[in-house]
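Colleague: So I've got this file, query.cif, and it contains mmCIF, C-alpha atoms and all ligand atoms:
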```cif
data_protein
loop_
_atom_site.label_atom_id
_atom_site.label_comp_id
_atom_site.auth_asym_id
_atom_site.auth_seq_id
_atom_site.Cartn_x
_atom_site.Cartn_y
_atom_site.Cartn_z
CA MET J 1 135.19 167.82 131.52
CA PRO J 2 136.25 164.17 131.98
CA GLN J 3 135.35 163.11 135.47
CA ALA J 4 137.59 161.23 137.84
CA THR J 5 135.84 157.91 137.47
CA THR J 6 138.12 155.08 138.52
CA ILE J 7 138.38 151.70 136.87
CA ASP J 8 138.90 148.47 138.77
CA LEU J 9 142.66 148.01 138.57
CA SER J 10 142.32 144.28 138.06
CA PHE J 11 141.24 145.09 134.51
CA GLN J 12 144.14 144.90 132.09
CA TRP J 13 144.03 145.12 128.34
CA PRO J 14 145.71 142.07 126.73
CA THR J 15 149.36 142.53 125.79
CA LEU J 16 148.56 141.87 122.12
CA GLY J 17 146.87 145.27 122.01
CA VAL J 18 143.96 146.12 119.72
CA CYS J 19 143.92 142.76 117.93
CA ARG J 20 142.47 141.28 121.12
CA VAL J 21 139.32 142.60 122.81
CA PRO J 22 138.45 141.32 126.29
CA TYR J 23 134.78 140.37 126.48
CA GLN J 24 134.63 142.22 129.80
CA VAL J 25 134.39 145.53 127.92
CA PHE J 26 130.92 144.47 126.79
CA THR J 27 129.68 143.24 130.16
CA ASP J 28 131.28 145.27 132.97
CA PRO J 29 129.03 147.94 134.61
CA ALA J 30 132.11 149.78 135.99
CA LEU J 31 133.54 150.19 132.49
CA TYR J 32 130.13 151.32 131.26
CA ALA J 33 130.02 154.05 133.94
CA CYS J 34 133.54 155.09 133.02
CA GLU J 35 132.56 155.39 129.32
CA GLN J 36 129.83 157.80 130.29
CA ALA J 37 132.35 160.06 132.03
CA ARG J 38 135.38 159.73 129.77
CA ILE J 39 133.78 159.34 126.32
CA PHE J 40 130.23 160.68 126.36
CA ARG J 41 131.05 163.53 128.78
CA GLY J 42 134.71 163.55 127.81
CA ASP J 43 136.79 164.96 124.97
CA ALA J 44 134.58 163.90 122.05
CA TRP J 45 131.97 165.54 119.84
CA HIS J 46 128.50 164.00 119.71
CA TRP J 47 125.95 164.35 116.96
CA VAL J 48 122.60 165.49 118.39
CA GLY J 49 120.50 166.38 115.35
CA LEU J 50 120.17 168.21 112.06
CA GLU J 51 119.59 171.91 111.55
CA VAL J 52 116.77 171.04 109.16
CA GLU J 53 114.92 169.41 112.06
CA ALA J 54 114.66 172.82 113.74
CA PRO J 55 114.32 175.41 110.97
CA SER J 56 112.72 178.22 113.04
CA PRO J 57 113.44 179.74 116.45
CA GLY J 58 111.79 177.60 119.12
CA ASP J 59 111.92 174.37 117.08
CA PHE J 60 113.51 171.64 119.15
CA THR J 61 114.38 167.96 119.23
CA THR J 62 115.50 165.79 122.12
CA GLN J 63 118.26 163.22 122.01
CA HIS J 64 120.81 161.49 124.25
CA ILE J 65 124.55 161.91 124.60
CA GLY J 66 125.32 158.56 126.10
CA ASP J 67 122.95 158.30 129.07
CA THR J 68 122.45 162.06 129.32
CA PRO J 69 119.22 163.42 127.82
CA VAL J 70 119.70 166.68 125.88
CA ILE J 71 117.55 169.26 124.10
CA MET J 72 118.63 170.78 120.78
CA VAL J 73 116.81 174.04 120.07
CA ARG J 74 117.12 176.96 117.68
CA ASP J 75 117.25 180.10 119.82
CA ALA J 76 115.66 183.51 119.17
CA GLN J 77 118.77 184.65 117.26
CA GLY J 78 118.67 181.56 115.03
CA ALA J 79 121.67 179.80 116.62
CA MET J 80 121.59 176.14 117.60
CA GLN J 81 121.76 175.51 121.34
CA VAL J 82 122.13 172.23 123.19
CA PHE J 83 121.24 171.82 126.89
CA ILE J 84 121.04 168.96 129.31
CA ASN J 85 117.35 168.11 129.38
CA ARG J 86 117.08 168.65 133.11
CA CYS J 87 115.38 171.38 135.09
CA ALA J 88 117.77 173.54 137.10
CA HIS J 89 115.43 173.46 140.11
CA ARG J 90 115.38 169.86 141.32
CA GLY J 91 116.32 167.88 138.28
CA ALA J 92 113.09 166.85 136.56
CA MET J 93 113.24 166.09 132.84
CA LEU J 94 112.23 169.33 131.25
CA CYS J 95 111.07 168.28 127.80
CA VAL J 96 109.42 164.92 127.26
CA GLU J 97 108.55 165.25 123.58
CA SER J 98 110.93 163.97 120.92
CA ARG J 99 110.44 167.14 118.86
CA GLY J 100 108.22 170.17 118.58
CA HIS J 101 108.06 173.94 118.92
CA ALA J 102 108.23 175.99 122.12
CA ASN J 103 108.61 179.67 122.96
CA GLN J 104 110.04 178.64 126.31
CA PHE J 105 110.53 175.45 128.31
CA THR J 106 108.37 175.05 131.40
CA CYS J 107 108.97 172.29 133.91
CA VAL J 108 105.86 170.36 134.89
CA TYR J 109 107.08 169.81 138.47
CA HIS J 110 107.06 173.40 139.87
CA ASN J 111 106.68 175.51 136.75
CA TRP J 112 110.20 176.95 136.52
CA THR J 113 110.48 178.46 133.05
CA PHE J 114 113.54 178.82 130.81
CA ASP J 115 113.94 180.80 127.59
CA LEU J 116 115.41 179.42 124.35
CA ALA J 117 118.90 180.40 125.49
CA GLY J 118 118.46 178.34 128.66
CA ARG J 119 118.11 181.33 131.01
CA LEU J 120 115.77 181.01 134.00
CA ARG J 121 112.92 183.44 133.36
CA GLY J 122 110.14 182.53 135.74
CA VAL J 123 109.55 180.76 139.06
CA ALA J 124 106.00 179.99 140.19
CA PHE J 125 105.14 181.57 143.56
CA ARG J 126 108.43 183.42 143.54
CA HIS J 127 106.89 185.97 145.95
CA GLY J 128 104.93 183.35 147.91
CA ILE J 129 101.29 183.83 148.84
CA ARG J 130 100.30 186.91 150.82
CA ASN J 131 103.87 187.61 151.85
CA GLN J 132 104.37 184.05 153.08
CA GLY J 133 106.89 181.69 151.45
CA GLY J 134 108.54 182.32 148.11
CA LEU J 135 112.18 182.74 147.15
CA PRO J 136 114.62 184.86 149.13
CA PRO J 137 114.83 188.40 147.69
CA ASP J 138 118.48 187.92 146.75
CA PHE J 139 117.84 184.72 144.74
CA ASP J 140 120.04 184.99 141.64
CA PHE J 141 118.12 183.97 138.50
CA SER J 142 121.24 184.24 136.34
CA ALA J 143 122.95 181.47 138.34
CA HIS J 144 120.22 178.90 137.65
CA GLY J 145 120.03 178.46 133.91
CA LEU J 146 120.09 175.16 132.03
CA HIS J 147 123.41 173.36 131.62
CA ARG J 148 124.56 174.46 128.19
CA LEU J 149 126.96 172.46 126.01
CA ARG J 150 129.51 173.64 123.48
CA VAL J 151 127.99 173.37 119.98
CA GLU J 152 129.28 173.29 116.40
CA VAL J 153 127.37 172.88 113.14
CA LEU J 154 128.95 171.21 110.12
CA HIS J 155 127.04 171.07 106.80
CA GLY J 156 123.78 171.11 108.76
CA LEU J 157 124.82 168.45 111.30
CA VAL J 158 124.69 169.71 114.88
CA PHE J 159 127.30 168.36 117.28
CA ALA J 160 127.73 169.09 120.99
CA THR J 161 130.31 168.33 123.63
CA PHE J 162 130.72 168.61 127.39
CA SER J 163 134.41 169.26 126.84
CA GLU J 164 136.12 172.63 126.83
CA GLU J 165 139.34 170.96 125.70
CA VAL J 166 138.38 168.91 122.64
CA ALA J 167 139.61 170.42 119.35
CA PRO J 168 137.15 172.24 117.07
CA LEU J 169 134.92 169.78 115.20
CA PRO J 170 136.67 169.80 111.78
CA GLU J 171 139.96 169.09 113.53
CA TYR J 172 138.36 166.34 115.65
CA LEU J 173 137.04 164.69 112.47
CA GLY J 174 140.09 165.35 110.29
CA GLU J 175 140.15 166.44 106.67
CA ARG J 176 139.12 163.14 105.07
CA MET J 177 136.10 162.57 107.32
CA THR J 178 135.00 166.20 107.02
CA ALA J 179 135.22 165.93 103.22
CA HIS J 180 132.97 162.87 103.22
CA ILE J 181 130.34 164.66 105.30
CA ALA J 182 130.53 167.50 102.75
CA ARG J 183 130.07 164.91 99.95
CA ILE J 184 126.87 163.48 101.46
CA PHE J 185 125.47 166.80 102.71
CA ASN J 186 126.33 168.59 99.47
CA ARG J 187 122.96 170.39 99.14
CA PRO J 188 119.77 170.90 101.17
CA ILE J 189 118.33 167.63 102.40
CA ARG J 190 114.77 166.51 103.04
CA LEU J 191 113.90 164.24 105.95
CA LEU J 192 112.10 161.09 104.83
CA GLY J 193 111.46 159.24 108.05
CA ARG J 194 112.83 157.77 111.22
CA TYR J 195 112.69 154.61 113.21
CA ARG J 196 114.36 153.10 116.24
CA GLN J 197 115.77 149.66 116.64
CA PHE J 198 116.20 148.17 120.08
CA MET J 199 119.16 145.81 120.41
CA HIS J 200 119.93 143.30 123.15
CA ASN J 201 123.64 143.96 123.21
CA ASN J 202 126.28 146.38 124.42
CA TRP J 203 126.49 149.49 122.22
CA LYS J 204 130.09 148.74 121.20
CA LEU J 205 129.16 145.41 119.64
CA TYR J 206 127.08 147.34 117.15
CA ILE J 207 129.85 149.90 116.54
CA GLU J 208 132.24 147.01 115.85
CA ASN J 209 129.68 145.58 113.43
CA VAL J 210 129.39 148.85 111.51
CA LYS J 211 133.17 149.15 111.25
CA ASP J 212 133.56 145.52 110.24
CA THR J 213 133.70 145.60 106.45
CA TYR J 214 134.51 141.91 106.45
CA HIS J 215 131.12 140.63 107.67
CA ALA J 216 128.82 142.61 105.37
CA SER J 217 128.81 140.29 102.40
CA ILE J 218 128.93 137.12 104.53
CA LEU J 219 126.25 137.69 107.16
CA HIS J 220 124.05 139.71 104.82
CA LEU J 221 123.02 137.24 102.18
CA PHE J 222 120.99 139.93 100.50
CA LEU J 223 123.93 142.24 99.80
CA THR J 224 125.94 139.44 98.26
CA THR J 225 123.33 137.59 96.26
CA PHE J 226 122.05 140.73 94.58
CA GLY J 227 125.53 142.14 94.02
CA LEU J 228 125.02 145.26 96.13
CA ASN J 229 128.17 144.90 98.19
CA ARG J 230 130.87 142.27 97.79
CA LEU J 231 134.48 142.42 98.90
CA SER J 232 135.52 141.74 95.27
CA MET J 233 134.24 145.17 94.19
CA GLU J 234 136.61 148.09 93.93
CA GLY J 235 136.69 149.67 97.35
CA GLY J 236 138.74 150.83 100.26
CA LEU J 237 138.88 151.42 103.94
CA GLU J 238 140.11 154.68 105.39
CA ILE J 239 140.82 155.33 109.04
CA SER J 240 141.45 158.61 110.84
CA PRO J 241 144.84 159.05 112.58
CA CYS J 242 143.22 158.61 116.03
CA GLY J 243 141.66 155.36 114.77
CA GLY J 244 138.19 156.32 115.92
CA HIS J 245 136.61 157.42 112.64
CA HIS J 246 136.45 155.34 109.48
CA LEU J 247 135.10 155.34 105.97
CA SER J 248 134.54 152.19 103.93
CA TRP J 249 133.46 152.53 100.32
CA SER J 250 132.85 150.43 97.23
CA LYS J 251 131.79 150.72 93.61
CA ARG J 252 129.12 148.29 92.58
CA ASN J 253 129.90 148.45 88.87
CA VAL J 254 133.63 147.74 89.26
CA GLU J 255 133.93 144.10 90.25
CA ASP J 256 135.86 140.93 89.42
CA ILE J 257 134.70 137.85 91.35
CA ALA J 258 136.92 135.37 89.42
CA GLY J 259 139.03 133.28 91.78
CA THR J 260 137.29 134.51 94.95
CA GLU J 261 135.08 132.63 97.38
CA TYR J 262 132.11 134.30 95.71
CA ALA J 263 132.81 132.37 92.49
CA GLN J 264 133.62 129.07 94.23
CA GLY J 265 130.14 128.74 95.68
CA THR J 266 131.37 128.14 99.25
CA LEU J 267 129.59 131.08 100.84
CA ARG J 268 126.19 130.69 102.46
CA ALA J 269 125.48 134.22 101.31
CA MET J 270 125.90 133.38 97.61
CA GLN J 271 122.63 131.59 96.98
CA GLN J 272 121.66 131.49 93.35
CA ASP J 273 118.07 130.46 94.06
CA PHE J 274 117.34 133.49 96.25
CA GLN J 275 114.87 135.73 94.40
CA LEU J 276 112.85 138.83 95.17
CA ALA J 277 109.11 138.74 94.50
CA ASP J 278 109.21 142.51 93.97
CA PRO J 279 112.31 143.57 92.02
CA ARG J 280 111.47 147.27 92.48
CA LEU J 281 113.36 147.02 95.77
CA LEU J 282 116.56 146.80 93.74
CA GLN J 283 115.98 149.81 91.51
CA THR J 284 118.82 152.27 91.95
CA TRP J 285 120.52 155.09 90.11
CA PHE J 286 124.09 156.36 90.18
CA GLU J 287 123.96 159.71 91.91
CA PHE J 288 127.52 160.53 93.01
CA PRO J 289 130.03 161.56 90.35
CA ASP J 290 132.82 159.60 92.07
CA GLY J 291 131.03 156.33 91.20
CA ILE J 292 130.93 155.16 94.83
CA THR J 293 127.70 153.25 95.44
CA ASN J 294 128.23 152.21 99.07
CA ALA J 295 129.86 154.34 101.73
CA ILE J 296 129.63 153.73 105.45
CA GLN J 297 131.26 156.29 107.69
CA GLY J 298 131.67 155.81 111.43
CA ILE J 299 132.25 158.92 113.54
CA PHE J 300 133.63 158.17 117.00
CA PRO J 301 132.01 157.22 119.24
CA ASN J 302 128.55 156.31 117.94
CA LEU J 303 127.41 158.01 114.73
CA VAL J 304 127.07 156.33 111.33
CA VAL J 305 126.64 158.17 108.02
CA GLN J 306 125.10 155.75 105.54
CA GLN J 307 124.98 155.65 101.77
CA ILE J 308 123.86 152.21 100.62
CA GLN J 309 122.99 152.71 96.96
CA ASN J 310 120.43 155.50 97.24
CA SER J 311 119.44 154.83 100.82
CA LEU J 312 120.86 157.74 102.81
CA ALA J 313 120.64 157.77 106.58
CA LEU J 314 122.21 158.83 109.84
CA ARG J 315 122.24 156.27 112.60
CA LEU J 316 122.95 157.13 116.22
CA MET J 317 123.72 154.28 118.61
CA VAL J 318 122.36 155.18 122.05
CA PRO J 319 123.62 153.01 124.92
CA GLN J 320 120.97 151.81 127.36
CA GLY J 321 122.96 150.05 130.04
CA VAL J 322 125.66 147.48 129.68
CA ASP J 323 123.68 144.94 127.64
CA ALA J 324 121.13 146.99 125.70
CA CYS J 325 121.11 149.83 123.24
CA GLU J 326 118.87 151.57 120.75
CA LEU J 327 119.75 152.56 117.23
CA HIS J 328 118.06 155.78 116.06
CA TRP J 329 117.70 155.98 112.27
CA LEU J 330 117.06 159.19 110.37
CA LEU J 331 116.40 158.69 106.65
CA PHE J 332 116.86 161.52 104.20
CA GLY J 333 117.06 162.49 100.56
CA TYR J 334 117.63 165.88 98.94
CA ALA J 335 115.21 168.78 98.71
CA ASP J 336 115.47 168.64 94.89
CA ASP J 337 114.69 164.88 94.60
CA THR J 338 111.93 163.89 92.20
CA PRO J 339 109.02 161.84 93.62
CA GLU J 340 110.52 158.80 91.81
CA HIS J 341 113.84 159.31 93.58
CA THR J 342 112.13 159.57 96.95
CA GLU J 343 110.20 156.38 96.26
CA MET J 344 113.38 154.50 95.36
CA ARG J 345 115.20 155.76 98.45
CA LEU J 346 112.35 154.62 100.68
CA LEU J 347 112.12 151.18 99.10
CA GLN J 348 115.86 150.61 99.45
CA SER J 349 115.79 151.87 103.04
CA ASN J 350 113.16 149.27 103.85
CA LEU J 351 115.60 146.57 102.87
CA VAL J 352 118.50 148.02 104.82
CA GLY J 353 116.59 148.91 108.01
CA PRO J 354 115.50 146.77 110.94
CA ALA J 355 112.42 145.40 109.19
CA GLY J 356 114.48 144.48 106.14
CA LEU J 357 117.27 142.04 105.63
CA VAL J 358 120.39 143.88 106.74
CA SER J 359 119.98 145.65 110.08
CA MET J 360 117.74 142.89 111.41
CA GLU J 361 120.69 140.55 110.98
CA ASP J 362 123.10 142.97 112.68
CA GLY J 363 120.75 143.23 115.68
CA MET J 364 120.41 139.46 115.84
CA ILE J 365 124.16 138.81 115.69
CA GLY J 366 124.85 141.37 118.44
CA SER J 367 122.44 139.58 120.77
CA TRP J 368 124.08 136.23 119.98
CA VAL J 369 127.49 137.60 120.95
CA GLN J 370 126.19 139.27 124.13
CA ARG J 371 124.54 136.03 125.25
CA THR J 372 127.55 133.82 124.69
CA ILE J 373 130.29 136.03 126.18
CA ALA J 374 128.56 136.80 129.47
CA GLN J 375 130.12 133.95 131.45
CA ASP J 376 133.69 134.43 130.21
CA PRO J 377 134.66 138.09 130.60
CA GLU J 378 138.40 137.28 130.65
CA GLU J 379 138.36 135.65 127.22
CA THR J 380 138.95 137.76 124.13
CA ALA J 381 137.81 138.38 120.59
CA VAL J 382 140.41 138.07 117.81
CA LEU J 383 140.91 140.91 115.32
CA GLU J 384 143.64 139.96 112.86
CA MET J 385 141.98 140.25 109.45
CA GLY J 386 144.04 142.65 107.37
CA GLY J 387 146.96 142.43 109.81
CA ARG J 388 147.39 143.75 113.30
CA GLU J 389 147.74 147.42 112.49
CA VAL J 390 145.39 150.38 112.33
CA THR J 391 146.15 151.62 108.84
CA ARG J 392 144.37 152.55 105.64
CA GLN J 393 143.56 149.41 103.63
CA GLY J 394 143.23 148.82 99.91
CA SER J 395 141.00 145.85 100.69
CA ARG J 396 137.92 145.61 102.81
CA VAL J 397 138.83 142.04 103.84
CA SER J 398 140.00 143.65 107.01
CA GLU J 399 139.19 144.43 110.62
CA ALA J 400 141.52 147.46 110.66
CA SER J 401 138.75 149.95 111.40
CA VAL J 402 137.49 147.81 114.29
CA ARG J 403 141.01 147.86 115.70
CA GLY J 404 140.97 151.62 115.11
CA PHE J 405 137.87 151.98 117.27
CA TRP J 406 139.58 150.14 120.10
CA GLN J 407 142.67 152.28 119.71
CA ALA J 408 140.62 155.46 120.16
CA TYR J 409 138.59 153.83 122.95
CA ARG J 410 141.69 152.80 124.90
CA THR J 411 143.14 156.30 124.55
CA MET J 412 140.01 157.99 125.86
CA MET J 413 139.40 155.43 128.57
CA ASP J 414 143.05 155.36 129.58
CA LEU J 415 143.12 151.55 129.38
S1 LIG U 501 112.08 170.36 139.25
FE1 LIG U 501 111.55 171.67 137.66
S2 LIG U 501 110.42 173.22 138.57
FE2 LIG U 501 110.99 171.95 140.21
FE FE U 502 126.00 144.37 109.06
#
```
As structure tokens, what does this structure read like?
Modeller:
Amino acid sequence: MPQATTIDLSFQWPTLGVCRVPYQVFTDPALYACEQARIFRGDAWHWVGLEVEAPSPGDFTTQHIGDTPVIMVRDAQGAMQVFINRCAHRGAMLCVESRGHANQFTCVYHNWTFDLAGRLRGVAFRHGIRNQGGLPPDFDFSAHGLHRLRVEVLHGLVFATFSEEVAPLPEYLGERMTAHIARIFNRPIRLLGRYRQFMHNNWKLYIENVKDTYHASILHLFLTTFGLNRLSMEGGLEISPCGGHHLSWSKRNVEDIAGTEYAQGTLRAMQQDFQLADPRLLQTWFEFPDGITNAIQGIFPNLVVQQIQNSLALRLMVPQGVDACELHWLLFGYADDTPEHTEMRLLQSNLVGPAGLVSMEDGMIGSWVQRTIAQDPEETAVLEMGGREVTRQGSRVSEASVRGFWQAYRTMMDL
């Protein structure tokens, strides 16, 4: 249900296409409002949670689709339902907890009550007091349920959309991206923890960062120095036909650094004197038969599926206005993990997350960009690493998947 939000016609995408990105897209409140209508409420699927977070009827979590708060709940029949988290009476937020269990949802404002399928079941003082006040006798309860979204579940991941037109989820993702989700969610998972990371930048700067395979071993000294992820490892970059989804992967044990900048000692990130006081943080094991040790998947618009060694996570990037956003992390392992495996996953996740050495740097760099572009919205970023196309790449020395994001973005935004 894309809404007819108009864009200031003075905005024009540069003629060079997706290898130029006008800084205005990160600073313009009108474009931000348009994204809410055309992307977050438009023809896209949005991840809202995991089935395992709500194993029994009445279990719920709350999340956001763009700026819209939603509730994900397992209904009495065991199906996953997603509603706008807004009372159908006069709009109060219905559920303020981030997760829990409820037999019904009751609004604190005037006590309207909804069942797990979103139907209005009760209205306080419906018959008034002593025949005074109350609702008209013909008030139609069935016309005042919660706003329900279309839902699909894929390997335990629950997605929702406002759109009646968007293709079914596997088609939206495409075969390659669906197969990678099946690879990661290949057996029952166990949740290990969650945290949130506030960022002082537009949400798309972080999405660019995730899709930018080029920066990882340059900005993140840790990944390079300890040989966790270098561009000289065997790897690849795959991009969905629409451009919006990507998968970058590498194999830690298949590497040749001879003749590269890694061997020449010109990279800040390649510091030989950088040591860890506690080497347990680097303990890993090979757990996927394909030998891939790092795989970052970006699902348009704002979901990341992470495998960094044995640190598995989902990250959802929630916009919070034009120059702020919050990254929601959900760490997991598998139900059949040994305690030693769980320990290793948690230690590695500490390094990758916001209190470690990787995501802290991504948050910092986003804020640096946001601060420096603010005064020059008409200037542009340059995206020409790996060419000017949006195509599958044999090398990760490329910005092809960032260009892919902008291709999908321009299509949905009609820019
Ligand atoms: S706004 Fe929810 S009951 Fe009135
Ligand atoms: Fe990064």
Colleague: Quick one: residues within 6 Å of segment 223-236 of chain J, all atoms listed in the file, excluding same-chain residues fewer than 2 positions away - as an MDAnalysis selection string?
Modeller: chainID J and resid 217 220:221 248:251 254:257 270 394:396
Colleague: If I take atom CA of Ile218 of chain J and atom CA of His328 of chain J, how far is one from the other in Å, to one decimal?
Modeller: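 Taking atom CA of Ile218 of chain J as the start and atom CA of His328 of chain J as the end point, the length is 24.5 Å.
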Colleague: What residues of the protein or nucleic acid chains come within 10 Å of ligand FE 502 (chain U) when you use all atoms listed in the file? Reply as a PDB file with C-alpha atoms, keeping the file's coordinate frame.
Modeller:
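Saved to part_36.pdb:
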```
ATOM      1  CA  TYR J 206     127.080 147.340 117.150  1.00  0.00           C
ATOM      2  CA  GLU J 208     132.240 147.010 115.850  1.00  0.00           C
ATOM      3  CA  ASN J 209     129.680 145.580 113.430  1.00  0.00           C
ATOM      4  CA  VAL J 210     129.390 148.850 111.510  1.00  0.00           C
ATOM      5  CA  LYS J 211     133.170 149.150 111.250  1.00  0.00           C
ATOM      6  CA  ASP J 212     133.560 145.520 110.240  1.00  0.00           C
ATOM      7  CA  THR J 213     133.700 145.600 106.450  1.00  0.00           C
ATOM      8  CA  TYR J 214     134.510 141.910 106.450  1.00  0.00           C
ATOM      9  CA  HIS J 215     131.120 140.630 107.670  1.00  0.00           C
ATOM     10  CA  ALA J 216     128.820 142.610 105.370  1.00  0.00           C
ATOM     11  CA  SER J 217     128.810 140.290 102.400  1.00  0.00           C
ATOM     12  CA  ILE J 218     128.930 137.120 104.530  1.00  0.00           C
ATOM     13  CA  LEU J 219     126.250 137.690 107.160  1.00  0.00           C
ATOM     14  CA  HIS J 220     124.050 139.710 104.820  1.00  0.00           C
ATOM     15  CA  LEU J 223     123.930 142.240  99.800  1.00  0.00           C
ATOM     16  CA  VAL J 352     118.500 148.020 104.820  1.00  0.00           C
ATOM     17  CA  LEU J 357     117.270 142.040 105.630  1.00  0.00           C
ATOM     18  CA  VAL J 358     120.390 143.880 106.740  1.00  0.00           C
ATOM     19  CA  SER J 359     119.980 145.650 110.080  1.00  0.00           C
ATOM     20  CA  MET J 360     117.740 142.890 111.410  1.00  0.00           C
ATOM     21  CA  GLU J 361     120.690 140.550 110.980  1.00  0.00           C
ATOM     22  CA  ASP J 362     123.100 142.970 112.680  1.00  0.00           C
ATOM     23  CA  GLY J 363     120.750 143.230 115.680  1.00  0.00           C
ATOM     24  CA  ILE J 365     124.160 138.810 115.690  1.00  0.00           C
ATOM     25  CA  GLY J 366     124.850 141.370 118.440  1.00  0.00           C
TER      26      GLY J 366
END
```
Colleague: Give the answer as one residue: which of J:Leu205, J:Gln309, J:Ala167, J:Thr266 has the shortest atom-to-atom distance to Asn253 of chain J, using all atoms listed in the file?
Modeller: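 Nearest candidate to Asn253 of chain J out of J:Leu205, J:Gln309, J:Ala167, J:Thr266: J:Gln309.
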Colleague: Starting from 6 Å padding per side, set up an axis-aligned box that covers all listed atoms of segment 46-51 of chain J and hand over centre and edge lengths in Å, one decimal, as JSON.
Modeller:
```
{"center_x": 124.0, "center_y": 168.0, "center_z": 115.6, "size_x": 20.9, "size_y": 19.9, "size_z": 20.2}
```
Colleague: When you draw a straight line from atom CA of Gly91 of chain J to atom CA of Val166 of chain J, how long is it in Å?
Modeller: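 Computing it gives 27.1 Å between the two atoms.
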Colleague: List the spatial neighbours of Asn302 of chain J as a PyMOL selection string - criterion: any atom at most 8 Å away, only C-alpha atoms, same-chain residues fewer than 2 positions off excluded.
Modeller: chain J and resi 46+207+298-300+304+316-318
Colleague: Produce as a compact mmCIF listing (two decimals) with C-alpha atoms, in the frame of the given file the set of residues near ligand LIG 501 (chain U), where near means within 10 Å with all atoms listed in the file considered.
Modeller:
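Output saved as pocket.txt:
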```
# COMPACT_ATOMS: atom_id res chain seq x y z
CA ARG J 86 117.08 168.65 133.11
CA CYS J 87 115.38 171.38 135.09
CA ALA J 88 117.77 173.54 137.10
CA HIS J 89 115.43 173.46 140.11
CA ARG J 90 115.38 169.86 141.32
CA GLY J 91 116.32 167.88 138.28
CA ALA J 92 113.09 166.85 136.56
CA MET J 93 113.24 166.09 132.84
CA LEU J 94 112.23 169.33 131.25
CA THR J 106 108.37 175.05 131.40
CA CYS J 107 108.97 172.29 133.91
CA VAL J 108 105.86 170.36 134.89
CA TYR J 109 107.08 169.81 138.47
CA HIS J 110 107.06 173.40 139.87
CA ASN J 111 106.68 175.51 136.75
CA TRP J 112 110.20 176.95 136.52
CA THR J 113 110.48 178.46 133.05
CA GLY J 122 110.14 182.53 135.74
CA VAL J 123 109.55 180.76 139.06
CA ALA J 124 106.00 179.99 140.19
```
Colleague: Could you state the separation of atom CA of Phe405 of chain J and atom CA of His245 of chain J in Å, given to one decimal place?
Modeller: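 Here the two named atoms are 7.3 Å from each other.
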Colleague: Between J:Ser163, J:Thr61, J:Gln132, J:Ser98, which has the minimum distance to Ala37 of chain J (counting all atoms listed in the file)?
Modeller: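 Closest to Ala37 of chain J of all the choices is J:Ser163.
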Colleague: Which is closest to Ala408 of chain J among J:Gly333, J:Pro377, J:Pro241, J:Pro55, if we use all atoms listed in the file?
Modeller: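 The answer is J:Pro241, which sits nearest to Ala408 of chain J.
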Colleague: With all atoms listed in the file as the basis for distance, which of J:Arg371, J:His180, J:Arg20, J:His64 is at the shortest distance from Gln36 of chain J?
Modeller: J:His64
Colleague: Between J:Met364, J:Leu312, J:Ala30, J:Val390, which has the minimum distance to Leu346 of chain J (counting all atoms listed in the file)?
Modeller: J:Leu312
Colleague: Any idea what's packed within 12 Å of Gly404 of chain J, counting only C-alpha atoms, ignoring anything in its chain fewer than 4 positions away? Could you give it as a ChimeraX atom specification?
Modeller: /J:17-19,21,207-208,211-212,237-247,298-301,383,388-393,398-400,408-411
Colleague: Write out the residues from the selection above, keeping C-alpha atoms, as a compact mmCIF listing (two decimals), in the coordinates of the input.
Modeller:
```
# COMPACT_ATOMS: atom_id res chain seq x y z
CA GLY J 17 146.87 145.27 122.01
CA VAL J 18 143.96 146.12 119.72
CA CYS J 19 143.92 142.76 117.93
CA VAL J 21 139.32 142.60 122.81
CA ILE J 207 129.85 149.90 116.54
CA GLU J 208 132.24 147.01 115.85
CA LYS J 211 133.17 149.15 111.25
CA ASP J 212 133.56 145.52 110.24
CA LEU J 237 138.88 151.42 103.94
CA GLU J 238 140.11 154.68 105.39
CA ILE J 239 140.82 155.33 109.04
CA SER J 240 141.45 158.61 110.84
CA PRO J 241 144.84 159.05 112.58
CA CYS J 242 143.22 158.61 116.03
CA GLY J 243 141.66 155.36 114.77
CA GLY J 244 138.19 156.32 115.92
CA HIS J 245 136.61 157.42 112.64
CA HIS J 246 136.45 155.34 109.48
CA LEU J 247 135.10 155.34 105.97
CA GLY J 298 131.67 155.81 111.43
CA ILE J 299 132.25 158.92 113.54
CA PHE J 300 133.63 158.17 117.00
CA PRO J 301 132.01 157.22 119.24
CA LEU J 383 140.91 140.91 115.32
CA ARG J 388 147.39 143.75 113.30
CA GLU J 389 147.74 147.42 112.49
CA VAL J 390 145.39 150.38 112.33
CA THR J 391 146.15 151.62 108.84
CA ARG J 392 144.37 152.55 105.64
CA GLN J 393 143.56 149.41 103.63
CA SER J 398 140.00 143.65 107.01
CA GLU J 399 139.19 144.43 110.62
CA ALA J 400 141.52 147.46 110.66
CA ALA J 408 140.62 155.46 120.16
CA TYR J 409 138.59 153.83 122.95
CA ARG J 410 141.69 152.80 124.90
CA THR J 411 143.14 156.30 124.55
```
Colleague: Please work out which residues fall within 9 Å of (128.9, 161.6, 101.9), coordinates as given in the file, with all atoms listed in the file counting, and return them as a list in words.
Modeller: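 Residues found, by chain and rising number: Ala179, His180, Ile181, Ala182, Arg183, Ile184, Phe185, Asn186, Ala295, Ile296, Gln297, Val305, Gln306, Gln307 and Leu312 of chain J.
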Colleague: Got a sec: who's within 10 Å of His127 of chain J, counting all atoms listed in the file, leaving out chain neighbours fewer than 5 positions off, as an NGL selection string?
Modeller: :J and (132-137)
